Amino acid sequence: MLRGEDPGVAQDLESLANDLREAVQEAVRRAAGRADVSGAQISTRLSDAPVPVDADSRQIGRILDNLIHNSLTYVTRPPRVQLQSNVERGRAVVRVIDNGVGLGEGERTEMFEPFRRTKNPAFNGVPGLGLGLYASRKLAEANRGTLTVERTEPGVGTSFILGLPLAKSKPAVPPNIAVNGALGEKN
Ligand SMILES: Nc1ncnc2c1ncn2[C@@H]1O[C@H](COP(=O)(O)OP(=O)(O)OP(=O)(O)O)[C@@H](O)[C@H]1O
Ligand SMILES: [Mg+2]
């Protein structure tokens, strides 16, 4: 049986094949246009081994889009953003590290509240609702994960960390599919 012939099977395969490193690479691709325009450099540092998660890849994509978008916005020099993904202490992790303006004392937790925005006059002209971090944390929690500020320093930058449960290890292809789809039967 080929993948895609049975919608139920195809869906199962989709949820098995959720590698956080791919979500990171796709988000970086989506941001490439904006990065070019603003002279930003976005880099990745991904583990060699897969980072398997049982998460909704579109929701994870939205979280990463929001974090990258913020990193390219709240910065007063050519933006440098690095996304890292690996398995750490039994969790799947993505870090988004930037060289932006950083968050002041208090802001670090307040910024996750809805409609909370910067008071920095440098960003008066930046449109936004103050919902990106609030919504991103909700999406992380909906996937049994967490979204927090790991480190931040005014004038230096910020590192956000998204943590998700690792997917329980399952065979990459269910055994019955492997048998049915075995090559060489025609010979
Ligand atoms: N990477 C970052 N570096 C510095 N400050 C940040 C960063 N990300 C967010 N902030 C601060 O946190 C505030 C809230 O961010 P959030 O993404 O929730 O809302 P927003 O960007 O203001 O608007 P929206 O995301 O709804 O368009 C921002 O206004 C900014 O002050
Ligand atoms: Mg935002």
# chains A, B, ... in the order shown; residues from 1 in each chain; ligands from 1
>>> residues_near_ligand(ligand="ligand 2", cutoff="9 Å", atoms="only C-alpha atoms and all ligand atoms", output="number ranges by chain")
A: 66-71, 73-74, 117, 128-133
>>> residues_around(residues="A:Lys138", least_positions_apart="6", cutoff="10 Å", atoms="only C-alpha atoms", output="NGL selection string")
:A and (63 or 112 or 132 or 144-147)
>>> closest_residue(among="A:Asn99, A:Asn86, A:Ser57, A:Ser47", to="ligand 1", atoms="only C-alpha atoms and all ligand atoms")
A:Asn99
>>> select_by_dssp(residues="chain A", states="strand (DSSP E or B)", output="PyMOL selection string")
chain A and resi 19+41-46+52-53+80-88+91-98+146-153+157-166
>>> select_by_dssp(residues="stretch 62-135 of chain A", states="alpha helix (DSSP H)", output="PyMOL selection string")
chain A and resi 62-73+107-110+132-135
>>> residues_around(residues="A:Val28", least_positions_apart="2", cutoff="9 Å", atoms="only C-alpha atoms", output="JSON, numbers by chain")
{"A": [23, 24, 25, 26, 30, 31, 32, 42, 43, 44, 64, 65, 68, 83]}
>>> residues_around(residues="A:Val93", least_positions_apart="5", cutoff="7 Å", atoms="only C-alpha atoms", output="PyMOL selection string")
chain A and resi 85-88+161-164
>>> write_last_selection(atoms="C-alpha atoms", output="CSV table (one decimal), in the first residue's frame")
chain,number,residue,atom,x,y,z
A,85,SER,CA,16.8,22.4,18.3
A,86,ASN,CA,17.8,19.3,20.2
A,87,VAL,CA,16.8,16.8,22.9
A,88,GLU,CA,17.6,18.0,26.3
A,161,ILE,CA,12.9,28.4,24.9
A,162,LEU,CA,10.1,26.2,23.7
A,163,GLY,CA,9.9,22.8,25.4
A,164,LEU,CA,7.8,19.9,24.2
>>> atom_distance(atom1="atom CA of A:Gly102", atom2="atom 5 (N, counted along the ligand's line) of ligand 1")
5.3 Å
>>> atom_distance(atom1="atom CA of A:Glu150", atom2="atom CA of A:Arg91")
15.1 Å
>>> closest_residue(among="A:Pro165, A:Gly100, A:Arg116, A:Pro121", to="A:Ala142", atoms="only C-alpha atoms")
A:Pro165
>>> atom_distance(atom1="atom CA of A:Val75", atom2="atom 17 (O, counted along the ligand's line) of ligand 1")
13.1 Å
>>> closest_residue(among="A:Gln84, A:Thr118, A:Asn124, A:Thr152", to="ligand 1", atoms="only C-alpha atoms and all ligand atoms")
A:Thr118
>>> closest_residue(among="A:Ala35, A:Leu103, A:Ala40, A:Val53", to="ligand 1", atoms="only C-alpha atoms and all ligand atoms")
A:Leu103
>>> residues_around(residues="A:Thr76", least_positions_apart="4", cutoff="10 Å", atoms="only C-alpha atoms", output="PDB file with C-alpha atoms, in the first residue's frame")
ATOM      1  CA  LEU A  72      13.398  40.741  13.710  1.00  0.00           C
ATOM      2  CA  ASN A  99      20.569  40.234  19.507  1.00  0.00           C
ATOM      3  CA  GLY A 100      17.573  42.469  20.132  1.00  0.00           C
ATOM      4  CA  VAL A 101      16.871  45.126  22.739  1.00  0.00           C
ATOM      5  CA  ALA A 122      11.897  53.299  19.449  1.00  0.00           C
ATOM      6  CA  PHE A 123       9.036  50.928  18.659  1.00  0.00           C
ATOM      7  CA  GLY A 155      21.062  45.852  24.930  1.00  0.00           C
TER       8      GLY A 155
END
>>> residues_around(residues="A:Glu105", least_positions_apart="4", cutoff="10 Å", atoms="only C-alpha atoms", output="ChimeraX atom specification")
/A:109-110,152-154
>>> closest_residue(among="A:Ala140, A:Val156, A:Ala167, A:Ala27", to="ligand 1", atoms="only C-alpha atoms and all ligand atoms")
A:Val156
>>> closest_residue(among="A:Val149, A:Val51, A:Val126, A:Ala135", to="A:Lys168", atoms="only C-alpha atoms")
A:Val51
>>> residues_around(residues="A:Pro52", least_positions_apart="2", cutoff="8 Å", atoms="only C-alpha atoms", output="PyMOL selection string")
chain A and resi 17-20+50+54+92+166-167
>>> write_last_selection(atoms="C-alpha atoms", output="tab-separated table (two decimals), in the first residue's frame")
chain	number	residue	atom	x	y	z
A	17	ALA	CA	6.87	11.94	11.26
A	18	ASN	CA	6.92	15.08	13.38
A	19	ASP	CA	10.52	16.19	13.68
A	20	LEU	CA	10.97	19.52	15.43
A	50	PRO	CA	15.78	13.64	15.00
A	54	ASP	CA	3.73	14.42	18.92
A	92	ALA	CA	12.36	18.33	22.79
A	166	LEU	CA	9.31	13.84	23.22
A	167	ALA	CA	7.17	11.55	21.09
